[in-house]
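Asks: Just so it is clear, I am handing over my_file_36.cif, which has mmCIF, C-alpha atoms.
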data_final
#
loop_
_atom_site.label_atom_id
_atom_site.label_comp_id
_atom_site.auth_asym_id
_atom_site.auth_seq_id
_atom_site.Cartn_x
_atom_site.Cartn_y
_atom_site.Cartn_z
CA MET F 1 -56.68 290.59 32.32
CA GLN F 2 -55.55 288.36 35.18
CA ILE F 3 -57.83 286.11 37.21
CA GLU F 4 -56.82 284.73 40.59
CA HIS F 5 -58.91 281.90 41.98
CA ARG F 6 -59.31 280.89 45.62
CA SER F 7 -61.58 278.13 46.79
CA PHE F 8 -63.35 278.24 50.15
CA ASN F 9 -65.63 275.62 51.66
CA ARG F 10 -68.85 276.88 50.14
CA VAL F 11 -67.73 279.74 47.95
CA ASP F 12 -65.21 280.39 45.17
CA LEU F 13 -63.49 283.74 44.90
CA LEU F 14 -62.30 285.14 41.58
CA ALA F 15 -60.18 288.29 41.75
CA VAL F 16 -60.26 289.88 38.30
CA ALA F 17 -57.62 292.50 37.48
CA GLY F 18 -56.95 294.64 34.40
CA ARG F 19 -59.36 294.96 31.48
CA ILE F 20 -62.46 292.95 30.59
CA ASP F 21 -63.26 293.73 26.95
CA ALA F 22 -64.18 291.81 23.80
CA ALA F 23 -60.67 290.34 23.60
CA THR F 24 -60.44 289.13 27.21
CA SER F 25 -64.05 288.37 28.22
CA PRO F 26 -63.97 284.79 26.76
CA GLN F 27 -61.26 283.98 29.31
CA LEU F 28 -63.53 285.09 32.18
CA ARG F 29 -66.42 283.11 30.70
CA GLN F 30 -64.28 279.96 30.52
CA GLN F 31 -63.09 280.33 34.10
CA VAL F 32 -66.66 280.75 35.39
CA GLU F 33 -67.96 277.86 33.30
CA ALA F 34 -65.16 275.60 34.53
CA LEU F 35 -66.35 276.27 38.10
CA PHE F 36 -69.98 275.58 37.13
CA GLU F 37 -68.90 272.25 35.65
CA GLN F 38 -67.37 271.32 39.02
CA GLY F 39 -70.70 272.11 40.66
CA ARG F 40 -69.38 275.37 42.10
CA TYR F 41 -72.20 277.88 41.72
CA ARG F 42 -71.50 280.27 44.60
CA LEU F 43 -69.01 282.81 43.32
CA VAL F 44 -67.67 286.12 44.54
CA LEU F 45 -66.00 288.41 42.01
CA ASP F 46 -63.46 290.69 43.65
CA LEU F 47 -63.17 293.64 41.27
CA ALA F 48 -60.83 295.82 43.36
CA GLN F 49 -58.09 295.67 40.71
CA LEU F 50 -60.40 295.88 37.70
CA GLU F 51 -59.50 298.90 35.55
CA TYR F 52 -61.96 298.59 32.72
CA ILE F 53 -65.10 296.79 31.60
CA SER F 54 -67.04 297.05 28.34
CA SER F 55 -70.27 295.41 27.19
CA PRO F 56 -68.86 291.95 26.30
CA GLY F 57 -67.71 291.71 29.93
CA LEU F 58 -71.10 292.88 31.22
CA ARG F 59 -72.68 290.21 29.07
CA VAL F 60 -70.56 287.49 30.68
CA LEU F 61 -71.61 288.75 34.12
CA ILE F 62 -75.36 288.66 33.35
CA GLU F 63 -75.23 285.25 31.70
CA ALA F 64 -73.14 283.84 34.52
CA ARG F 65 -75.48 285.16 37.22
CA LYS F 66 -78.51 283.76 35.40
CA ARG F 67 -76.81 280.34 35.21
CA ALA F 68 -75.66 280.38 38.83
CA ARG F 69 -79.11 281.23 40.13
CA GLU F 70 -80.65 278.26 38.34
CA TRP F 71 -78.77 276.02 40.78
CA LYS F 72 -80.80 275.64 43.98
CA ILE F 73 -80.31 273.71 47.22
CA THR F 74 -83.61 274.85 48.71
CA ASP F 75 -86.06 277.56 47.71
CA LEU F 76 -84.04 280.03 49.74
CA GLU F 77 -80.52 278.81 49.17
CA GLY F 78 -78.61 278.28 45.98
CA GLY F 79 -76.11 279.63 43.52
CA ASP F 80 -75.31 283.26 42.84
CA ILE F 81 -72.59 285.58 41.63
CA ARG F 82 -71.94 288.42 44.04
CA ILE F 83 -69.56 291.31 43.72
CA ALA F 84 -67.04 292.80 46.13
CA ASN F 85 -65.05 296.05 45.79
CA LEU F 86 -66.46 298.05 42.91
CA PRO F 87 -63.92 300.71 41.77
CA PRO F 88 -65.40 304.15 40.88
CA ARG F 89 -65.11 303.85 37.09
CA ILE F 90 -66.56 300.34 37.07
CA LYS F 91 -69.37 301.50 39.35
CA GLU F 92 -70.12 304.25 36.85
CA VAL F 93 -70.57 301.64 34.09
CA PHE F 94 -72.75 299.60 36.48
CA ASP F 95 -74.88 302.68 37.19
CA LEU F 96 -75.30 303.56 33.51
CA THR F 97 -76.38 300.04 32.58
CA GLY F 98 -78.59 299.30 35.60
CA PHE F 99 -76.14 296.69 36.89
CA THR F 100 -75.98 298.34 40.33
CA SER F 101 -79.46 296.98 41.06
CA LEU F 102 -78.94 293.78 39.05
CA PHE F 103 -76.20 292.43 41.33
CA GLU F 104 -75.60 292.14 45.05
CA ILE F 105 -72.60 294.36 45.69
CA TYR F 106 -70.55 294.26 48.90
CA ALA F 107 -68.00 296.65 50.34
CA ASP F 108 -65.35 293.96 50.73
CA VAL F 109 -64.57 290.30 50.10
CA THR F 110 -65.33 289.22 53.66
CA ALA F 111 -68.84 290.62 53.47
CA ALA F 112 -69.46 289.11 50.03
CA VAL F 113 -68.17 285.64 50.96
CA GLY F 114 -70.03 285.80 54.27
CA SER F 115 -73.29 286.65 52.51
CA PHE F 116 -73.62 283.09 51.20
CA MET P 1 -57.16 315.40 11.62
CA ASP P 2 -55.37 312.25 12.64
CA SER P 3 -56.37 308.70 11.81
CA ILE P 4 -55.38 305.04 11.95
CA THR P 5 -56.52 302.13 9.81
CA LEU P 6 -56.38 298.62 11.21
CA THR P 7 -57.61 295.14 10.38
CA ALA P 8 -60.90 294.72 12.24
CA ASP P 9 -59.95 291.93 14.63
CA LEU P 10 -59.80 291.76 18.42
CA ASP P 11 -56.07 292.52 18.43
CA ALA P 12 -56.93 296.00 17.16
CA LEU P 13 -58.78 296.97 20.37
CA ALA P 14 -55.68 297.73 22.43
CA GLN P 15 -54.22 299.95 19.67
CA ILE P 16 -57.53 301.73 19.18
CA SER P 17 -57.79 302.41 22.89
CA ALA P 18 -54.25 303.82 23.09
CA PHE P 19 -54.82 305.97 19.97
CA ILE P 20 -58.07 307.53 21.10
CA THR P 21 -56.91 308.06 24.70
CA GLU P 22 -53.91 310.04 23.50
CA ALA P 23 -56.13 311.99 21.09
CA ALA P 24 -58.65 312.88 23.82
CA GLU P 25 -55.88 314.12 26.08
CA LEU P 26 -54.41 316.22 23.25
CA ALA P 27 -57.85 317.71 22.63
CA GLY P 28 -58.02 318.83 26.27
CA LEU P 29 -60.69 316.46 27.58
CA ASP P 30 -60.53 315.88 31.32
CA GLU P 31 -59.78 312.48 32.81
CA ARG P 32 -63.42 311.40 33.09
CA ALA P 33 -64.40 312.55 29.58
CA THR P 34 -61.32 310.78 28.20
CA TRP P 35 -62.42 307.58 29.90
CA GLN P 36 -65.96 307.98 28.50
CA VAL P 37 -64.59 308.46 24.98
CA GLN P 38 -62.31 305.45 25.39
CA LEU P 39 -65.24 303.23 26.40
CA ALA P 40 -67.55 304.54 23.64
CA VAL P 41 -64.91 304.00 20.93
CA ASP P 42 -64.08 300.54 22.30
CA GLU P 43 -67.78 299.61 22.13
CA ALA P 44 -68.08 300.96 18.57
CA ALA P 45 -64.95 299.14 17.38
CA THR P 46 -66.07 295.92 19.09
CA ASN P 47 -69.35 296.20 17.20
CA VAL P 48 -67.52 296.48 13.86
CA ILE P 49 -65.14 293.63 14.70
CA GLN P 50 -67.92 291.27 15.77
CA HIS P 51 -70.63 292.11 13.24
CA ALA P 52 -69.42 294.05 10.17
CA TYR P 53 -67.26 291.38 8.56
CA ASP P 54 -67.00 287.64 8.18
CA PRO P 55 -64.78 286.77 11.18
CA ASP P 56 -62.51 284.66 8.94
CA HIS P 57 -61.97 287.52 6.49
CA PRO P 58 -61.99 290.76 8.46
CA GLY P 59 -61.77 294.00 6.49
CA ASP P 60 -60.42 297.35 7.59
CA LEU P 61 -61.68 299.90 10.06
CA THR P 62 -60.51 303.48 10.12
CA LEU P 63 -60.68 305.69 13.17
CA SER P 64 -60.12 309.43 12.84
CA TRP P 65 -60.59 312.44 15.07
CA GLN P 66 -60.51 316.22 15.06
CA SER P 67 -61.31 318.87 17.63
CA ASP P 68 -61.85 322.57 18.15
CA GLU P 69 -62.47 324.57 21.33
CA GLN P 70 -65.88 323.03 21.96
CA ARG P 71 -66.08 319.64 20.29
CA PHE P 72 -64.04 316.47 20.04
CA VAL P 73 -65.27 314.62 16.93
CA ILE P 74 -64.53 310.93 16.26
CA VAL P 75 -65.39 309.11 13.04
CA LEU P 76 -65.28 305.33 12.74
CA ARG P 77 -65.58 303.86 9.25
CA ASP P 78 -65.87 300.28 8.04
CA TYR P 79 -66.73 298.71 4.69
CA GLY P 80 -68.69 295.74 6.02
CA ARG P 81 -72.36 294.90 6.34
CA HIS P 82 -74.85 297.74 6.69
CA PHE P 83 -75.37 298.49 10.37
CA ASP P 84 -78.79 299.84 11.32
CA PRO P 85 -78.98 300.84 15.01
CA HIS P 86 -82.77 300.56 14.85
CA ASN P 87 -82.37 296.79 14.63
CA VAL P 88 -80.75 296.77 18.07
CA PRO P 89 -83.38 296.95 20.82
CA ALA P 90 -82.43 299.21 23.74
CA PRO P 91 -81.79 297.27 26.95
CA ASP P 92 -84.38 297.57 29.71
CA ILE P 93 -82.05 298.71 32.46
CA ASN P 94 -84.75 298.39 35.12
CA SER P 95 -85.64 294.74 34.53
CA SER P 96 -84.82 291.95 36.98
CA ILE P 97 -81.96 289.52 36.45
CA GLU P 98 -84.39 286.83 35.25
CA GLU P 99 -85.90 289.07 32.59
CA ARG P 100 -82.79 291.01 31.72
CA GLN P 101 -81.69 290.54 28.10
CA VAL P 102 -77.98 290.31 27.46
CA GLY P 103 -77.65 292.32 24.23
CA GLY P 104 -77.81 295.94 23.13
CA LEU P 105 -75.54 297.30 25.85
CA GLY P 106 -72.76 298.47 23.55
CA ILE P 107 -74.86 300.83 21.44
CA TYR P 108 -76.69 301.98 24.57
CA LEU P 109 -73.41 302.85 26.30
CA ILE P 110 -72.19 304.79 23.24
CA THR P 111 -75.32 306.95 23.26
CA ARG P 112 -75.04 307.53 27.03
CA LEU P 113 -71.32 308.36 27.02
CA MET P 114 -71.20 310.67 23.99
CA ASP P 115 -73.04 313.96 23.45
CA GLU P 116 -73.91 313.34 19.77
CA VAL P 117 -74.02 310.03 17.89
CA ARG P 118 -74.89 309.54 14.21
CA PHE P 119 -74.94 306.38 12.08
CA ASP P 120 -74.69 306.76 8.29
CA PHE P 121 -74.48 304.14 5.59
CA ASN P 122 -73.46 304.57 1.99
CA PRO P 123 -73.30 301.49 -0.31
CA ASN P 124 -69.98 302.74 -1.66
CA GLY P 125 -68.53 304.36 1.46
CA GLY P 126 -69.61 301.79 4.05
CA ASN P 127 -70.73 302.49 7.62
CA LEU P 128 -69.81 305.81 9.12
CA LEU P 129 -70.26 306.34 12.84
CA THR P 130 -69.77 309.92 14.03
CA MET P 131 -69.46 310.55 17.76
CA VAL P 132 -69.03 313.94 19.41
CA LYS P 133 -67.92 314.77 22.94
CA TYR P 134 -68.35 318.36 24.11
CA ILE P 135 -65.29 319.84 25.74
CA ALA P 136 -66.22 321.27 29.13
CA SER P 137 -65.06 324.78 29.91
CA GLY P 138 -65.43 327.08 32.88
CA PRO P 139 -67.26 326.47 36.17
CA ARG P 140 -70.50 324.52 36.06
CA ASP P 141 -73.76 326.35 36.64
CA ASP P 142 -75.78 323.23 37.39
CA VAL P 143 -74.35 322.48 40.85
CA VAL P 144 -76.43 323.20 43.94
CA ILE P 145 -75.52 322.73 47.61
CA MET P 146 -78.41 322.13 49.99
CA PRO P 147 -77.84 322.15 53.76
CA ILE P 148 -80.33 319.83 55.51
CA GLN P 149 -81.30 320.08 59.20
CA GLY P 150 -82.91 317.91 61.85
CA ARG P 151 -84.55 314.58 61.06
CA VAL P 152 -84.94 312.93 57.65
CA ASP P 153 -87.83 310.50 58.13
CA ALA P 154 -91.28 309.63 56.80
CA VAL P 155 -92.59 313.02 57.96
CA THR P 156 -89.85 315.24 56.51
CA ALA P 157 -88.70 313.23 53.47
CA PRO P 158 -91.52 314.44 51.16
CA GLN P 159 -90.53 318.07 51.81
CA LEU P 160 -86.88 317.25 51.10
CA THR P 161 -87.91 315.59 47.84
CA ARG P 162 -89.98 318.65 46.88
CA ASP P 163 -87.05 320.97 47.65
CA VAL P 164 -84.73 318.93 45.44
CA HIS P 165 -87.32 318.79 42.67
CA ALA P 166 -87.62 322.60 42.80
CA GLN P 167 -83.84 322.84 42.31
CA ILE P 168 -83.95 320.33 39.42
CA ALA P 169 -86.72 322.37 37.80
CA GLN P 170 -84.37 325.38 37.89
CA GLY P 171 -81.64 323.44 36.11
CA ALA P 172 -79.73 321.78 38.98
CA ARG P 173 -78.24 318.43 37.96
CA PHE P 174 -75.38 318.02 40.45
CA VAL P 175 -76.89 318.11 43.92
CA LEU P 176 -74.89 318.09 47.12
CA LEU P 177 -76.79 317.46 50.36
CA ASP P 178 -74.83 318.77 53.33
CA LEU P 179 -75.99 316.51 56.19
CA GLN P 180 -73.86 318.14 58.94
CA GLU P 181 -76.99 319.16 60.87
CA VAL P 182 -78.95 315.96 60.32
CA VAL P 183 -79.36 314.04 63.59
CA PHE P 184 -81.53 311.16 62.40
CA LEU P 185 -82.19 309.33 59.17
CA SER P 186 -84.86 306.63 58.84
CA SER P 187 -85.48 304.04 56.15
CA SER P 188 -88.08 306.36 54.59
CA GLY P 189 -85.40 309.04 54.41
CA LEU P 190 -83.02 306.57 52.85
CA ARG P 191 -85.62 305.58 50.27
CA ALA P 192 -86.23 309.24 49.37
CA LEU P 193 -82.47 309.73 48.85
CA LEU P 194 -82.31 306.64 46.63
CA ILE P 195 -85.12 307.96 44.42
CA ILE P 196 -83.51 311.41 44.20
CA ARG P 197 -80.19 309.80 43.27
CA LYS P 198 -81.82 307.79 40.51
CA GLU P 199 -83.70 310.81 39.14
CA LEU P 200 -80.51 312.86 38.96
CA MET P 201 -78.61 310.02 37.28
CA THR P 202 -81.34 309.71 34.67
CA LEU P 203 -80.81 313.41 33.90
CA GLY P 204 -77.06 312.87 33.59
CA GLY P 205 -76.46 314.41 37.02
CA GLU P 206 -75.18 313.25 40.39
CA LEU P 207 -76.23 313.19 44.03
CA ARG P 208 -73.51 313.54 46.63
CA LEU P 209 -73.79 313.51 50.43
CA ALA P 210 -71.39 315.21 52.79
CA ALA P 211 -70.55 315.59 56.49
CA LEU P 212 -72.62 312.72 57.90
CA GLN P 213 -72.82 312.46 61.67
CA PRO P 214 -71.72 309.04 62.98
CA GLN P 215 -75.24 307.80 63.79
CA VAL P 216 -76.41 308.77 60.30
CA HIS P 217 -73.38 307.22 58.65
CA GLU P 218 -74.15 304.01 60.52
CA VAL P 219 -77.56 303.78 58.85
CA PHE P 220 -75.81 303.79 55.47
CA ALA P 221 -73.17 301.31 56.63
CA LEU P 222 -75.69 298.87 58.12
CA THR P 223 -77.80 298.81 54.97
CA GLY P 224 -74.82 298.54 52.62
CA PHE P 225 -75.71 301.88 51.02
CA THR P 226 -72.23 303.29 51.58
CA GLN P 227 -71.53 301.38 48.34
CA VAL P 228 -74.40 303.05 46.52
CA PHE P 229 -74.13 306.69 47.55
CA ALA P 230 -71.20 309.04 47.03
CA ILE P 231 -70.40 310.07 50.61
CA HIS P 232 -67.76 312.68 51.40
CA PRO P 233 -66.28 313.87 54.70
CA THR P 234 -66.77 317.56 53.82
CA PRO P 235 -68.96 319.58 51.42
CA GLU P 236 -65.81 321.00 49.80
CA GLU P 237 -64.56 317.53 48.87
CA ALA P 238 -68.01 316.58 47.58
CA GLU P 239 -68.19 319.70 45.44
CA SER P 240 -64.83 319.20 43.80
CA ALA P 241 -65.78 315.58 43.04
CA PHE P 242 -68.72 316.53 40.78
CA GLY P 243 -68.15 315.36 37.24
CA GLN P 244 -65.21 313.22 38.31
CA GLY P 245 -67.18 309.97 38.66
CA ARG P 246 -67.72 307.98 41.88
CA ALA P 247 -71.28 309.24 42.29
#
Any chance you could put this one into C-alpha cells?
Replies:
Amino acid sequence: MQIEHRSFNRVDLLAVAGRIDAATSPQLRQQVEALFEQGRYRLVLDLAQLEYISSPGLRVLIEARKRAREWKITDLEGGDIRIANLPPRIKEVFDLTGFTSLFEIYADVTAAVGSF
Amino acid sequence: MDSITLTADLDALAQISAFITEAAELAGLDERATWQVQLAVDEAATNVIQHAYDPDHPGDLTLSWQSDEQRFVIVLRDYGRHFDPHNVPAPDINSSIEERQVGGLGIYLITRLMDEVRFDFNPNGGNLLTMVKYIASGPRDDVVIMPIQGRVDAVTAPQLTRDVHAQIAQGARFVLLDLQEVVFLSSSGLRALLIIRKELMTLGGELRLAALQPQVHEVFALTGFTQVFAIHPTPEEAESAFGQGRA
C-alpha cells in the first residue's frame, strides 16, 4: 500500500494505492490519526488506484469517519471523511457491506474536495 | 488436493492470497469469482491470525483446496482457540455512521462471497473452516431485459416497480432496464430505481441501466447517482457486464 498526501487550505487529500488488508491497514490508521492530531479533520480519500480492501481496512474507514465527524465548527460544518473515485471491485465491497450509503462518495477528487 | 502450511502471522497473508488466486484460476473460476474467493480466504486467514493464537506465539494454519466440475472447495485449518461464529454478531449494514458497529464484517463478507460456509471444531483437530464456491457454467437463465418507454415519474414509477417485481417473482435476478425510449425521469423515478437496485442486490442480483438519453443521464449526473448505478451506453454492453461486478 502507498499513501500520497496533499494538503489544501481546508482539506487534506490522501491517495491510497494498492492493498488495504490486515497487514497494511495500521499504516492508513496512523496516517489519518497523524492528521487528526494536527487538527485536520476534513479528509478526502482518493481510491482510484486502490486494488483491494478487506474488513480491517473497512474498520479503519468507519472509525476514522466517526472521529472526524465529532469535530465541529458549527452545527452544519465540521469534519468528515469523503471518498473520491471508487473502483468497481472496491465499490462491490462497499455495496456488500452497506458502505455505499455510509459514506459520501464523489465521482472525482475535485467534486469531493469542493464538497467541503 | 493442494495445500500450504504457514505460520499464522500477517506476513502469511500475501502468500495465502497468491496461493488461492492461482488455485481458483486453475479450477476454472472466472475473474470475479476468483476475486471473491481471494477476499473470503483473506478474511478467514486474518481471523485466524488475529484471534486463534497468542500473537507472540502464533501457531500454524493450513490452507487446502480441491475442485470438480461444479465446486471449488477450500479448507482452512488452525489449532488455536475454538472459534464459534455465533459469538460474532452480524453487522447491521443499514445503520447510520453514528450507530454503525465496527466489527463482524469479516465473517459477514465470507458468508456473502461464498456459496457454502461451515465452521467445525474438534478439540484434537482444531478449527476447520470449509468454504465452497460454485463454478458457473453455461448461459445464465436469471437475466431479463426490460425496455422502458415514456416518462418515469411519480405516476408511472409504481407500475415500473410492479413490472420488475413480477420478473423477480419468476426468478429474474439480473435486470437490465433499457432506457432508450425514456424521455423524462423525475426524483420519484430515481427513488424507485434505487429501491429496485437494493432489492436485487439483497437477492444477490444486479440492476443495470442502458442507453440513457442526455436529459435523463443529466438527472443521474446532477444527483451524483452515476456513481451508484451501473450505466452502460448500450444494452449489449450492459448484458455482457452481468456477473462481472461494477453494478
Asks: Check every residue of chain F for an atom within 6 Å of chain P, counting all atoms listed in the file, and provide those that qualify as a ChimeraX atom specification.
Replies: /F:23,55,59,88,97-98,102
Asks: What gap, in Å, lies between CA of Phe174 (chain P) and CA of Val219 (chain P)?
Replies: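 CA of Val219 (chain P) lies at a distance of 23.4 Å from CA of Phe174 (chain P).
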Asks: Pick the closest to Glu51 (chain F) from F:Leu13, F:Leu96, F:Met1, F:Leu28: which is it, counting only C-alpha atoms?
Replies: F:Met1
Asks: Compare F:Glu37, F:Ala22, F:Ile62, F:Leu45 by their minimum atom-to-atom distance to Thr110 (chain F), counting all atoms listed in the file, and give me the closest one.
Replies: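 So, comparing all the options, the nearest one is F:Leu45.
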Asks: So how far away is CA of Ile20 (chain F) from CA of Pro56 (chain F), in Å?
Replies: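 Pair CA of Pro56 (chain F) / CA of Ile20 (chain F) returns 7.8 Å.
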Asks: Of the candidates F:Ala15, F:Leu43, F:Ile90, F:Ala84, which shows the shortest atom-to-atom distance to Phe116 (chain F), using only C-alpha atoms?
Replies: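 Closest residue, counting only C-alpha atoms: F:Leu43.
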Asks: Looking at P:Pro233, P:Pro158, P:Gly205, P:Gly126, which one is nearest to Phe83 (chain P), with distances taken over all atoms listed in the file?
Replies: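 The answer is P:Gly126, which sits nearest to Phe83 (chain P).
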Asks: Could you please determine the separation between CA of Arg82 (chain F) and CA of Leu194 (chain P) in Å, to one decimal place?
Replies: 21.1 Å
Asks: Going by the chain IDs and residue numbers used in this file, which residues fall under the PyMOL selection byres ((chain P and resi 238) around 10)? Write them as JSON, numbers by chain.
Replies: {"P": [145, 175, 176, 177, 178, 207, 208, 209, 210, 211, 230, 231, 232, 233, 234, 235, 236, 237, 239, 240, 241, 242, 247]}
Asks: Which residues would end up in the selection if the PyMOL selection byres ((chain F and resi 48) around 7) were applied here, given that I need the answer as a PyMOL selection string?
Replies: chain F and resi 46-47+49-50+85-87
Asks: Hey, what comes out of the PyMOL selection byres ((chain P and resi 132) around 12) on this file? Could you write it as a ChimeraX atom specification?
Replies: /P:24,29,33,36-37,40-41,64-68,70-76,110-118,129-131,133-135
Asks: P:Arg162, P:Arg173, P:His217, P:Arg77: which is nearest Asp120 (chain P), counting only C-alpha atoms?
Replies: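 Using only C-alpha atoms, Asp120 (chain P) sits closest to P:Arg77.
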Asks: Between P:Ala192, P:Leu222, P:Met1, P:Ile168, which residue has the minimum interatomic distance to Val144 (chain P), considering all atoms listed in the file?
Replies: P:Ile168
Asks: Please work out which residues fall within 6 Å of (-82.7, 314.8, 48.7), coordinates as given in the file, with all atoms listed in the file counting, and return them as an mmCIF file with C-alpha atoms, in the coordinates of the input.
Replies:
data_model
loop_
_atom_site.group_PDB
_atom_site.id
_atom_site.type_symbol
_atom_site.label_atom_id
_atom_site.label_comp_id
_atom_site.auth_asym_id
_atom_site.auth_seq_id
_atom_site.Cartn_x
_atom_site.Cartn_y
_atom_site.Cartn_z
ATOM 1 C CA LEU P 160 -86.880 317.250 51.100
ATOM 2 C CA THR P 161 -87.910 315.590 47.840
ATOM 3 C CA VAL P 164 -84.730 318.930 45.440
ATOM 4 C CA LEU P 193 -82.470 309.730 48.850
ATOM 5 C CA ILE P 196 -83.510 311.410 44.200
#
Asks: What's around Ile3 (chain F) at 9 Å? Count only C-alpha atoms, leave out sequence neighbours fewer than 5 positions away in its own chain, and write the answer as a PDB file with C-alpha atoms, keeping the file's coordinate frame.
Replies:
ATOM      1  CA  LEU F  14     -62.300 285.140  41.580  1.00  0.00           C
ATOM      2  CA  ALA F  15     -60.180 288.290  41.750  1.00  0.00           C
ATOM      3  CA  VAL F  16     -60.260 289.880  38.300  1.00  0.00           C
ATOM      4  CA  ALA F  17     -57.620 292.500  37.480  1.00  0.00           C
ATOM      5  CA  GLN F  27     -61.260 283.980  29.310  1.00  0.00           C
ATOM      6  CA  LEU F  28     -63.530 285.090  32.180  1.00  0.00           C
ATOM      7  CA  GLN F  31     -63.090 280.330  34.100  1.00  0.00           C
TER       8      GLN F  31
END
